[in-house]
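*Asks:* Got final_14.pdb for you, PDB, C-alpha atoms:
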MODEL        1
ATOM      1  CA  MET P   1       0.000   0.000   0.000  1.00  0.00           C
ATOM      2  CA  THR P   2       1.405   3.360  -1.017  1.00  0.00           C
ATOM      3  CA  LEU P   3       1.444   6.403   1.263  1.00  0.00           C
ATOM      4  CA  ARG P   4      -1.289   8.048  -0.818  1.00  0.00           C
ATOM      5  CA  GLN P   5      -3.471   4.936  -0.598  1.00  0.00           C
ATOM      6  CA  ARG P   6      -2.932   4.735   3.155  1.00  0.00           C
ATOM      7  CA  ASP P   7      -3.956   8.381   3.550  1.00  0.00           C
ATOM      8  CA  ALA P   8      -7.056   7.825   1.405  1.00  0.00           C
ATOM      9  CA  LEU P   9      -8.068   4.772   3.439  1.00  0.00           C
ATOM     10  CA  SER P  10      -7.516   6.633   6.705  1.00  0.00           C
ATOM     11  CA  SER P  11      -9.634   9.550   5.452  1.00  0.00           C
ATOM     12  CA  LEU P  12     -12.422   7.172   4.415  1.00  0.00           C
ATOM     13  CA  GLN P  13     -12.417   5.452   7.789  1.00  0.00           C
ATOM     14  CA  ASP P  14     -12.636   8.830   9.526  1.00  0.00           C
ATOM     15  CA  GLU P  15     -15.593   9.853   7.354  1.00  0.00           C
ATOM     16  CA  LEU P  16     -17.350   6.554   8.120  1.00  0.00           C
ATOM     17  CA  PHE P  17     -16.855   7.164  11.853  1.00  0.00           C
ATOM     18  CA  GLN P  18     -18.292  10.681  11.538  1.00  0.00           C
ATOM     19  CA  LEU P  19     -21.255   9.338   9.558  1.00  0.00           C
ATOM     20  CA  ASP P  20     -21.956   6.676  12.182  1.00  0.00           C
ATOM     21  CA  HIS P  21     -21.788   9.296  14.941  1.00  0.00           C
ATOM     22  CA  ALA P  22     -24.174  11.574  13.021  1.00  0.00           C
ATOM     23  CA  CYS P  23     -26.625   8.693  12.494  1.00  0.00           C
ATOM     24  CA  ARG P  24     -26.634   7.974  16.230  1.00  0.00           C
ATOM     25  CA  ARG P  25     -27.333  11.628  17.021  1.00  0.00           C
ATOM     26  CA  LEU P  26     -30.140  11.773  14.451  1.00  0.00           C
ATOM     27  CA  SER P  27     -31.658   8.599  15.886  1.00  0.00           C
ATOM     28  CA  ARG P  28     -31.669  10.065  19.410  1.00  0.00           C
ATOM     29  CA  LYS P  29     -33.204  13.327  18.148  1.00  0.00           C
ATOM     30  CA  ALA P  30     -35.907  11.454  16.223  1.00  0.00           C
ATOM     31  CA  LYS P  31     -36.730   9.446  19.347  1.00  0.00           C
ATOM     32  CA  ALA P  32     -36.890  12.619  21.435  1.00  0.00           C
ATOM     33  CA  LEU P  33     -39.188  14.236  18.859  1.00  0.00           C
ATOM     34  CA  GLY P  34     -41.499  11.237  18.950  1.00  0.00           C
ATOM     35  CA  GLU P  35     -41.718  11.492  22.726  1.00  0.00           C
ATOM     36  CA  LEU P  36     -42.567  15.199  22.426  1.00  0.00           C
ATOM     37  CA  LEU P  37     -45.358  14.490  19.957  1.00  0.00           C
ATOM     38  CA  GLU P  38     -46.808  11.732  22.136  1.00  0.00           C
ATOM     39  CA  PRO P  39     -46.193  12.722  25.769  1.00  0.00           C
ATOM     40  CA  ALA P  40     -46.859  10.025  28.299  1.00  0.00           C
ATOM     41  CA  ALA P  41     -49.784  10.736  30.573  1.00  0.00           C
ATOM     42  CA  ALA P  42     -49.102  10.653  34.290  1.00  0.00           C
ATOM     43  CA  ASP P  43     -51.472   8.112  35.798  1.00  0.00           C
ATOM     44  CA  GLU P  44     -51.290   8.720  39.526  1.00  0.00           C
ATOM     45  CA  ASP P  45     -52.127   5.077  40.235  1.00  0.00           C
ATOM     46  CA  ALA P  46     -49.214   3.879  38.092  1.00  0.00           C
ATOM     47  CA  PHE P  47     -46.578   4.978  40.614  1.00  0.00           C
ATOM     48  CA  THR P  48     -45.547   2.966  43.634  1.00  0.00           C
ATOM     49  CA  PRO P  49     -45.061   4.727  46.991  1.00  0.00           C
ATOM     50  CA  GLU P  50     -41.285   4.268  46.545  1.00  0.00           C
ATOM     51  CA  GLU P  51     -41.393   5.969  43.129  1.00  0.00           C
ATOM     52  CA  VAL P  52     -43.412   8.855  44.532  1.00  0.00           C
ATOM     53  CA  GLU P  53     -40.801   9.348  47.257  1.00  0.00           C
ATOM     54  CA  ARG P  54     -38.042   9.352  44.631  1.00  0.00           C
ATOM     55  CA  LEU P  55     -39.863  12.129  42.775  1.00  0.00           C
ATOM     56  CA  VAL P  56     -40.266  14.044  46.029  1.00  0.00           C
ATOM     57  CA  GLN P  57     -36.540  13.613  46.618  1.00  0.00           C
ATOM     58  CA  LEU P  58     -35.768  14.863  43.090  1.00  0.00           C
ATOM     59  CA  ASN P  59     -37.808  17.990  43.800  1.00  0.00           C
ATOM     60  CA  GLU P  60     -35.827  18.539  47.013  1.00  0.00           C
ATOM     61  CA  ARG P  61     -32.489  18.023  45.242  1.00  0.00           C
ATOM     62  CA  LEU P  62     -33.449  20.486  42.505  1.00  0.00           C
ATOM     63  CA  ALA P  63     -34.497  23.082  45.092  1.00  0.00           C
ATOM     64  CA  PHE P  64     -31.089  22.637  46.742  1.00  0.00           C
ATOM     65  CA  LEU P  65     -29.360  22.979  43.355  1.00  0.00           C
ATOM     66  CA  ALA P  66     -31.309  26.155  42.540  1.00  0.00           C
ATOM     67  CA  ARG P  67     -30.191  27.740  45.830  1.00  0.00           C
ATOM     68  CA  HIS P  68     -26.593  26.655  45.210  1.00  0.00           C
ATOM     69  CA  LEU P  69     -26.523  28.190  41.724  1.00  0.00           C
ATOM     70  CA  GLN P  70     -28.059  31.379  43.079  1.00  0.00           C
ATOM     71  CA  GLU P  71     -25.184  31.612  45.570  1.00  0.00           C
ATOM     72  CA  VAL P  72     -22.653  30.959  42.787  1.00  0.00           C
ATOM     73  CA  GLY P  73     -24.110  33.805  40.743  1.00  0.00           C
ATOM     74  CA  GLN P  74     -24.172  36.136  43.748  1.00  0.00           C
ATOM     75  CA  THR P  75     -20.490  35.354  44.414  1.00  0.00           C
ATOM     76  CA  LEU P  76     -19.203  35.637  40.840  1.00  0.00           C
ATOM     77  CA  CYS P  77     -21.183  38.649  39.609  1.00  0.00           C
ATOM     78  CA  PRO P  78     -19.592  41.247  41.940  1.00  0.00           C
ATOM     79  CA  GLN P  79     -16.117  39.957  40.996  1.00  0.00           C
ATOM     80  CA  MET P  80     -16.848  40.277  37.291  1.00  0.00           C
ATOM     81  CA  GLU P  81     -18.589  43.647  37.690  1.00  0.00           C
ATOM     82  CA  ALA P  82     -15.520  44.986  39.504  1.00  0.00           C
ATOM     83  CA  ARG P  83     -13.340  43.966  36.564  1.00  0.00           C
ATOM     84  CA  VAL P  84     -15.701  45.637  34.095  1.00  0.00           C
ATOM     85  CA  ALA P  85     -15.511  48.848  36.163  1.00  0.00           C
ATOM     86  CA  ASP P  86     -11.689  48.724  36.309  1.00  0.00           C
ATOM     87  CA  PRO P  87     -10.282  50.987  33.532  1.00  0.00           C
ATOM     88  CA  ASP P  88      -7.054  48.954  33.515  1.00  0.00           C
ATOM     89  CA  ASP P  89      -8.890  45.689  32.825  1.00  0.00           C
ATOM     90  CA  PRO P  90      -9.732  45.004  29.159  1.00  0.00           C
ATOM     91  CA  MET P  91     -12.893  43.075  30.055  1.00  0.00           C
ATOM     92  CA  VAL P  92     -15.980  45.067  29.042  1.00  0.00           C
ATOM     93  CA  ASP P  93     -18.703  42.526  29.755  1.00  0.00           C
ATOM     94  CA  PHE P  94     -19.277  38.970  30.934  1.00  0.00           C
ATOM     95  CA  GLU P  95     -21.775  36.141  30.963  1.00  0.00           C
ATOM     96  CA  ILE P  96     -22.226  33.417  33.578  1.00  0.00           C
ATOM     97  CA  GLU P  97     -24.137  30.406  32.308  1.00  0.00           C
ATOM     98  CA  ALA P  98     -25.261  27.335  34.196  1.00  0.00           C
ATOM     99  CA  ILE P  99     -25.715  24.157  32.141  1.00  0.00           C
ATOM    100  CA  LEU P 100     -27.419  21.146  33.686  1.00  0.00           C
ATOM    101  CA  HIS P 101     -27.272  17.729  32.028  1.00  0.00           C
ATOM    102  CA  PHE P 102     -29.731  15.217  33.467  1.00  0.00           C
ATOM    103  CA  MET P 103     -28.098  11.786  33.269  1.00  0.00           C
ATOM    104  CA  PHE P 104     -29.399   8.230  33.408  1.00  0.00           C
ATOM    105  CA  PRO P 105     -27.364   5.314  34.872  1.00  0.00           C
ATOM    106  CA  GLU P 106     -25.441   2.610  33.045  1.00  0.00           C
ATOM    107  CA  ASP P 107     -28.113   0.001  33.773  1.00  0.00           C
ATOM    108  CA  ASP P 108     -30.722   2.065  31.891  1.00  0.00           C
ATOM    109  CA  PRO P 109     -32.059   0.303  28.741  1.00  0.00           C
ATOM    110  CA  ASP P 110     -31.020   3.293  26.602  1.00  0.00           C
ATOM    111  CA  TYR P 111     -27.437   3.382  27.881  1.00  0.00           C
ATOM    112  CA  ASP P 112     -24.845   3.281  25.094  1.00  0.00           C
ATOM    113  CA  GLU P 113     -21.161   3.657  25.907  1.00  0.00           C
ATOM    114  CA  ASP P 114     -20.675   5.488  22.596  1.00  0.00           C
ATOM    115  CA  SER P 115     -23.357   8.082  23.350  1.00  0.00           C
ATOM    116  CA  ASP P 116     -23.881  10.681  26.040  1.00  0.00           C
ATOM    117  CA  PRO P 117     -26.220   9.387  28.784  1.00  0.00           C
ATOM    118  CA  PHE P 118     -28.336  12.543  28.852  1.00  0.00           C
ATOM    119  CA  LEU P 119     -32.126  12.603  29.112  1.00  0.00           C
ATOM    120  CA  THR P 120     -32.292  16.368  28.687  1.00  0.00           C
ATOM    121  CA  LYS P 121     -30.441  19.530  29.631  1.00  0.00           C
ATOM    122  CA  ARG P 122     -31.223  23.012  30.877  1.00  0.00           C
ATOM    123  CA  SER P 123     -29.214  26.230  30.647  1.00  0.00           C
ATOM    124  CA  PHE P 124     -29.747  29.690  32.079  1.00  0.00           C
ATOM    125  CA  ASN P 125     -27.866  32.896  32.782  1.00  0.00           C
ATOM    126  CA  LEU P 126     -26.669  33.377  36.363  1.00  0.00           C
ATOM    127  CA  LYS P 127     -26.316  37.134  35.868  1.00  0.00           C
ATOM    128  CA  VAL P 128     -30.079  37.137  36.377  1.00  0.00           C
ATOM    129  CA  ASP P 129     -31.177  36.113  39.834  1.00  0.00           C
ATOM    130  CA  HIS P 130     -33.528  33.277  38.878  1.00  0.00           C
ATOM    131  CA  ASN P 131     -34.439  32.690  42.514  1.00  0.00           C
ATOM    132  CA  GLU P 132     -35.448  36.297  43.186  1.00  0.00           C
ATOM    133  CA  GLY P 133     -38.998  36.186  44.453  1.00  0.00           C
ATOM    134  CA  ARG P 134     -39.122  32.404  44.041  1.00  0.00           C
ATOM    135  CA  GLU P 135     -38.296  31.227  47.535  1.00  0.00           C
ATOM    136  CA  GLY P 136     -41.379  29.604  49.015  1.00  0.00           C
ATOM    137  CA  VAL P 137     -43.292  29.763  45.718  1.00  0.00           C
ATOM    138  CA  ASP P 138     -45.185  26.613  44.730  1.00  0.00           C
ATOM    139  CA  TYR P 139     -44.798  25.990  40.985  1.00  0.00           C
ATOM    140  CA  ARG P 140     -47.019  22.921  41.069  1.00  0.00           C
ATOM    141  CA  GLU P 141     -49.686  23.107  38.364  1.00  0.00           C
ATOM    142  CA  SER P 142     -52.974  23.012  40.254  1.00  0.00           C
ATOM    143  CA  VAL P 143     -54.816  21.744  37.167  1.00  0.00           C
ATOM    144  CA  HIS P 144     -52.635  18.626  37.034  1.00  0.00           C
ATOM    145  CA  ARG P 145     -52.983  15.569  39.211  1.00  0.00           C
ATOM    146  CA  PHE P 146     -49.688  14.301  40.578  1.00  0.00           C
ATOM    147  CA  PRO P 147     -49.210  10.941  42.251  1.00  0.00           C
ATOM    148  CA  GLY P 148     -49.474  10.657  46.021  1.00  0.00           C
ATOM    149  CA  ARG P 149     -47.573  13.123  48.179  1.00  0.00           C
ATOM    150  CA  LEU P 150     -46.237  14.863  45.059  1.00  0.00           C
ATOM    151  CA  ASN P 151     -49.694  16.410  44.713  1.00  0.00           C
ATOM    152  CA  GLN P 152     -49.450  17.975  48.172  1.00  0.00           C
ATOM    153  CA  ILE P 153     -45.956  19.484  48.378  1.00  0.00           C
ATOM    154  CA  ALA P 154     -44.579  22.645  46.778  1.00  0.00           C
ATOM    155  CA  HIS P 155     -42.703  22.109  43.511  1.00  0.00           C
ATOM    156  CA  CYS P 156     -39.535  24.155  43.011  1.00  0.00           C
ATOM    157  CA  TRP P 157     -39.185  26.072  39.725  1.00  0.00           C
ATOM    158  CA  LEU P 158     -36.446  23.761  38.393  1.00  0.00           C
ATOM    159  CA  PHE P 159     -38.615  20.681  38.894  1.00  0.00           C
ATOM    160  CA  HIS P 160     -41.590  22.418  37.280  1.00  0.00           C
ATOM    161  CA  ASP P 161     -39.422  23.539  34.366  1.00  0.00           C
ATOM    162  CA  LEU P 162     -38.127  19.992  33.911  1.00  0.00           C
ATOM    163  CA  TYR P 163     -41.505  18.305  33.487  1.00  0.00           C
ATOM    164  CA  ASP P 164     -43.563  21.187  32.043  1.00  0.00           C
ATOM    165  CA  HIS P 165     -41.329  23.066  29.580  1.00  0.00           C
ATOM    166  CA  SER P 166     -39.655  21.909  26.384  1.00  0.00           C
ATOM    167  CA  TYR P 167     -36.919  23.844  24.574  1.00  0.00           C
ATOM    168  CA  GLY P 168     -36.360  21.728  21.477  1.00  0.00           C
ATOM    169  CA  LEU P 169     -34.913  18.314  20.771  1.00  0.00           C
ATOM    170  CA  GLU P 170     -31.848  18.688  23.005  1.00  0.00           C
ATOM    171  CA  GLN P 171     -33.841  20.125  25.912  1.00  0.00           C
ATOM    172  CA  PRO P 172     -37.171  18.277  25.938  1.00  0.00           C
ATOM    173  CA  ALA P 173     -39.538  18.186  28.872  1.00  0.00           C
ATOM    174  CA  LEU P 174     -39.477  14.928  30.818  1.00  0.00           C
ATOM    175  CA  SER P 175     -42.443  12.864  31.867  1.00  0.00           C
ATOM    176  CA  LEU P 176     -42.554  11.878  35.524  1.00  0.00           C
ATOM    177  CA  VAL P 177     -41.630   8.361  34.399  1.00  0.00           C
ATOM    178  CA  ASP P 178     -38.476   9.709  32.760  1.00  0.00           C
ATOM    179  CA  CYS P 179     -37.772  11.869  35.817  1.00  0.00           C
ATOM    180  CA  LEU P 180     -37.449   8.593  37.726  1.00  0.00           C
ATOM    181  CA  ARG P 181     -34.628   7.602  35.369  1.00  0.00           C
ATOM    182  CA  ILE P 182     -32.448  10.547  36.452  1.00  0.00           C
ATOM    183  CA  ASP P 183     -29.377   9.251  38.233  1.00  0.00           C
ATOM    184  CA  LYS P 184     -27.110  12.305  38.352  1.00  0.00           C
ATOM    185  CA  ILE P 185     -27.070  15.941  37.278  1.00  0.00           C
ATOM    186  CA  TRP P 186     -23.875  17.125  35.629  1.00  0.00           C
ATOM    187  CA  VAL P 187     -23.532  20.805  36.547  1.00  0.00           C
ATOM    188  CA  THR P 188     -21.352  23.186  34.527  1.00  0.00           C
ATOM    189  CA  VAL P 189     -20.866  26.876  35.313  1.00  0.00           C
ATOM    190  CA  ALA P 190     -19.184  28.749  32.456  1.00  0.00           C
ATOM    191  CA  VAL P 191     -17.874  32.303  32.840  1.00  0.00           C
ATOM    192  CA  GLU P 192     -17.296  34.169  29.560  1.00  0.00           C
ATOM    193  CA  HIS P 193     -14.976  37.175  29.576  1.00  0.00           C
ATOM    194  CA  GLN P 194     -15.647  39.630  26.742  1.00  0.00           C
ATOM    195  CA  ALA P 195     -13.130  42.108  25.367  1.00  0.00           C
ATOM    196  CA  THR P 196     -12.275  43.671  21.968  1.00  0.00           C
ATOM    197  CA  LEU P 197      -8.735  44.150  20.634  1.00  0.00           C
ATOM    198  CA  ASP P 198      -8.174  46.758  17.898  1.00  0.00           C
ATOM    199  CA  ILE P 199      -5.771  45.414  15.267  1.00  0.00           C
ATOM    200  CA  GLU P 200      -4.555  48.813  13.993  1.00  0.00           C
ATOM    201  CA  THR P 201      -3.665  50.333  17.369  1.00  0.00           C
ATOM    202  CA  GLY P 202      -3.115  47.166  19.384  1.00  0.00           C
ATOM    203  CA  ALA P 203      -5.290  48.666  22.113  1.00  0.00           C
ATOM    204  CA  TRP P 204      -8.215  47.198  24.000  1.00  0.00           C
ATOM    205  CA  LEU P 205     -11.424  48.963  23.012  1.00  0.00           C
ATOM    206  CA  PRO P 206     -14.190  50.111  25.341  1.00  0.00           C
ATOM    207  CA  ASP P 207     -17.569  48.517  25.080  1.00  0.00           C
ATOM    208  CA  THR P 208     -19.076  49.745  21.809  1.00  0.00           C
ATOM    209  CA  ILE P 209     -21.858  47.192  21.330  1.00  0.00           C
TER     210      ILE P 209
ENDMDL
END
Using the file provided, produce a representation of the structure as structure tokens.

*Replies:*
Amino acid sequence: MTLRQRDALSSLQDELFQLDHACRRLSRKAKALGELLEPAAADEDAFTPEEVERLVQLNERLAFLARHLQEVGQTLCPQMEARVADPDDPMVDFEIEAILHFMFPEDDPDYDEDSDPFLTKRSFNLKVDHNEGREGVDYRESVHRFPGRLNQIAHCWLFHDLYDHSYGLEQPALSLVDCLRIDKIWVTVAVEHQATLDIETGAWLPDTI
């Protein structure tokens, strides 16, 4: 095999790998779309007492996570705002984004070691205090019937957002049945520093946008 033939074969194998990866992603998106078009109804009698308690626990964990992210935003924002106000710092603006990936365990029927084990994800800006005015607020939909004790306790806004709001194929709403599949939540906080360098002068520019 010549060097050119080896390079051509290597390129073909790489393209086949990319095609296979794209097919897997399209398959997951098609499945997610089907679930959006035919949402599973929550039959309150279909949940065992243990499953109801797991959903109650998920609500509690999400309330804890919401408070934690609020504290992260309250800690980081003053630091970033001080840099923006500093005339010797080139940073003119910033963004702080929280990204939550809701994961299912390895023993889940849909687990594939070649794919990300994510049921859905959520993202929001921590520059905005999402918990302002939300402490003690019950986001439970009164028109819905929830199983057991879940119909009697306050639902935090993250839990409500998870089962009631859909933001496209990568961020679908989850049925309560799928909420039971959540094993872990992968939390990412990304801070973006924004500055503009002028090529002609080599100077950092003030915020002009």

*Asks:* Please write as a list in words the full residue list that the PyMOL selection byres ((chain P and resi 106) around 12) yields on this file.

*Replies:* Met103, Phe104, Pro105, Asp107, Asp108, Pro109, Asp110, Tyr111, Asp112, Glu113, Asp114, Ser115, Asp116, Pro117, Phe118, Arg181, Ile182, Asp183 and Lys184 of chain P

*Asks:* Extract, using only C-alpha atoms, all DNA, RNA and protein residues at most 10 Å from region 65-82 of chain P, discarding same-chain residues fewer than 4 positions from it, and format them as a PyMOL selection string.

*Replies:* chain P and resi 59-61+86-87+89+91-98+125-132+135+156-159+185+187+189+191-193

*Asks:* Quick one: pull the distance between CA of Gly148 (chain P) and CA of Glu50 (chain P), Å, one decimal.

*Replies:*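 Between CA of Gly148 (chain P) and CA of Glu50 (chain P) the gap is 10.4 Å.
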
*Asks:* Using the chain letters and numbers from the file, which residues does the PyMOL selection byres ((chain P and resi 139) around 7) grab, as a compact mmCIF listing (two decimals) with C-alpha atoms, in the frame of the given file?

*Replies:*
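Dumped everything to selection24.txt:
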# COMPACT_ATOMS: atom_id res chain seq x y z
CA VAL P 137 -43.29 29.76 45.72
CA ASP P 138 -45.18 26.61 44.73
CA ARG P 140 -47.02 22.92 41.07
CA GLU P 141 -49.69 23.11 38.36
CA ALA P 154 -44.58 22.64 46.78
CA HIS P 155 -42.70 22.11 43.51
CA CYS P 156 -39.53 24.16 43.01
CA TRP P 157 -39.18 26.07 39.72
CA HIS P 160 -41.59 22.42 37.28

*Asks:* How many Å separate CA of Pro147 (chain P) from CA of Glu53 (chain P)?

*Replies:* 9.9 Å

*Asks:* Tell me which of P:Lys121, P:Arg54, P:Arg4, P:His165 sits closest to Thr188 (chain P), counting only C-alpha atoms.

*Replies:*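 Under the stated criterion, the closest residue is P:Lys121.
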
*Asks:* Please produce region 182-192 of chain P, completed to all heavy atoms, as a tab-separated table (two decimals), keeping the file's coordinate frame.

*Replies:*
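Once written, out-v4.tsv looks like this:
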chain	number	residue	atom	x	y	z
P	182	ILE	N	-33.58	9.67	36.18
P	182	ILE	CA	-32.45	10.55	36.45
P	182	ILE	C	-31.60	9.97	37.57
P	182	ILE	O	-32.09	9.69	38.66
P	182	ILE	CB	-32.93	11.97	36.82
P	182	ILE	CG1	-33.68	12.60	35.64
P	182	ILE	CG2	-31.74	12.85	37.21
P	182	ILE	CD1	-34.35	13.92	35.99
P	183	ASP	N	-30.32	9.81	37.27
P	183	ASP	CA	-29.38	9.25	38.23
P	183	ASP	C	-28.47	10.33	38.81
P	183	ASP	O	-28.17	10.34	40.00
P	183	ASP	CB	-28.54	8.17	37.54
P	183	ASP	CG	-27.51	7.55	38.45
P	183	ASP	OD1	-27.86	7.12	39.56
P	183	ASP	OD2	-26.33	7.50	38.04
P	184	LYS	N	-28.02	11.22	37.95
P	184	LYS	CA	-27.11	12.30	38.35
P	184	LYS	C	-27.43	13.55	37.53
P	184	LYS	O	-28.08	13.47	36.48
P	184	LYS	CB	-25.65	11.91	38.11
P	184	LYS	CG	-25.16	10.71	38.91
P	184	LYS	CD	-23.70	10.41	38.57
P	184	LYS	CE	-23.19	9.21	39.35
P	184	LYS	NZ	-23.90	7.95	38.96
P	185	ILE	N	-26.97	14.69	38.02
P	185	ILE	CA	-27.07	15.94	37.28
P	185	ILE	C	-25.66	16.50	37.14
P	185	ILE	O	-25.00	16.80	38.14
P	185	ILE	CB	-27.97	16.97	38.00
P	185	ILE	CG1	-29.36	16.38	38.24
P	185	ILE	CG2	-28.08	18.24	37.16
P	185	ILE	CD1	-30.26	17.28	39.07
P	186	TRP	N	-25.21	16.59	35.91
P	186	TRP	CA	-23.88	17.12	35.63
P	186	TRP	C	-24.01	18.64	35.52
P	186	TRP	O	-24.68	19.16	34.64
P	186	TRP	CB	-23.35	16.51	34.33
P	186	TRP	CG	-21.96	16.93	33.96
P	186	TRP	CD1	-21.01	17.41	34.80
P	186	TRP	CD2	-21.36	16.88	32.66
P	186	TRP	NE1	-19.84	17.67	34.12
P	186	TRP	CE2	-20.03	17.35	32.81
P	186	TRP	CE3	-21.81	16.46	31.42
P	186	TRP	CZ2	-19.17	17.42	31.72
P	186	TRP	CZ3	-20.95	16.54	30.34
P	186	TRP	CH2	-19.64	17.02	30.49
P	187	VAL	N	-23.38	19.36	36.44
P	187	VAL	CA	-23.53	20.80	36.55
P	187	VAL	C	-22.28	21.50	36.04
P	187	VAL	O	-21.17	21.23	36.51
P	187	VAL	CB	-23.80	21.23	38.01
P	187	VAL	CG1	-24.00	22.73	38.10
P	187	VAL	CG2	-25.01	20.48	38.57
P	188	THR	N	-22.46	22.39	35.06
P	188	THR	CA	-21.35	23.19	34.53
P	188	THR	C	-21.68	24.66	34.70
P	188	THR	O	-22.79	25.09	34.37
P	188	THR	CB	-21.13	22.90	33.03
P	188	THR	OG1	-20.85	21.51	32.85
P	188	THR	CG2	-19.95	23.72	32.49
P	189	VAL	N	-20.74	25.42	35.23
P	189	VAL	CA	-20.87	26.88	35.31
P	189	VAL	C	-19.76	27.47	34.46
P	189	VAL	O	-18.58	27.27	34.72
P	189	VAL	CB	-20.78	27.39	36.76
P	189	VAL	CG1	-20.81	28.92	36.78
P	189	VAL	CG2	-21.92	26.82	37.60
P	190	ALA	N	-20.14	28.18	33.41
P	190	ALA	CA	-19.18	28.75	32.46
P	190	ALA	C	-19.20	30.27	32.55
P	190	ALA	O	-20.26	30.90	32.43
P	190	ALA	CB	-19.52	28.30	31.04
P	191	VAL	N	-18.01	30.85	32.78
P	191	VAL	CA	-17.87	32.30	32.84
P	191	VAL	C	-17.19	32.76	31.56
P	191	VAL	O	-16.08	32.35	31.24
P	191	VAL	CB	-17.04	32.73	34.06
P	191	VAL	CG1	-16.94	34.26	34.12
P	191	VAL	CG2	-17.67	32.19	35.35
P	192	GLU	N	-17.85	33.64	30.80
P	192	GLU	CA	-17.30	34.17	29.56
P	192	GLU	C	-16.82	35.60	29.79
P	192	GLU	O	-17.58	36.46	30.22
P	192	GLU	CB	-18.36	34.15	28.45
P	192	GLU	CG	-18.83	32.77	28.06
P	192	GLU	CD	-19.86	32.80	26.94
P	192	GLU	OE1	-20.18	33.91	26.47
P	192	GLU	OE2	-20.32	31.73	26.52
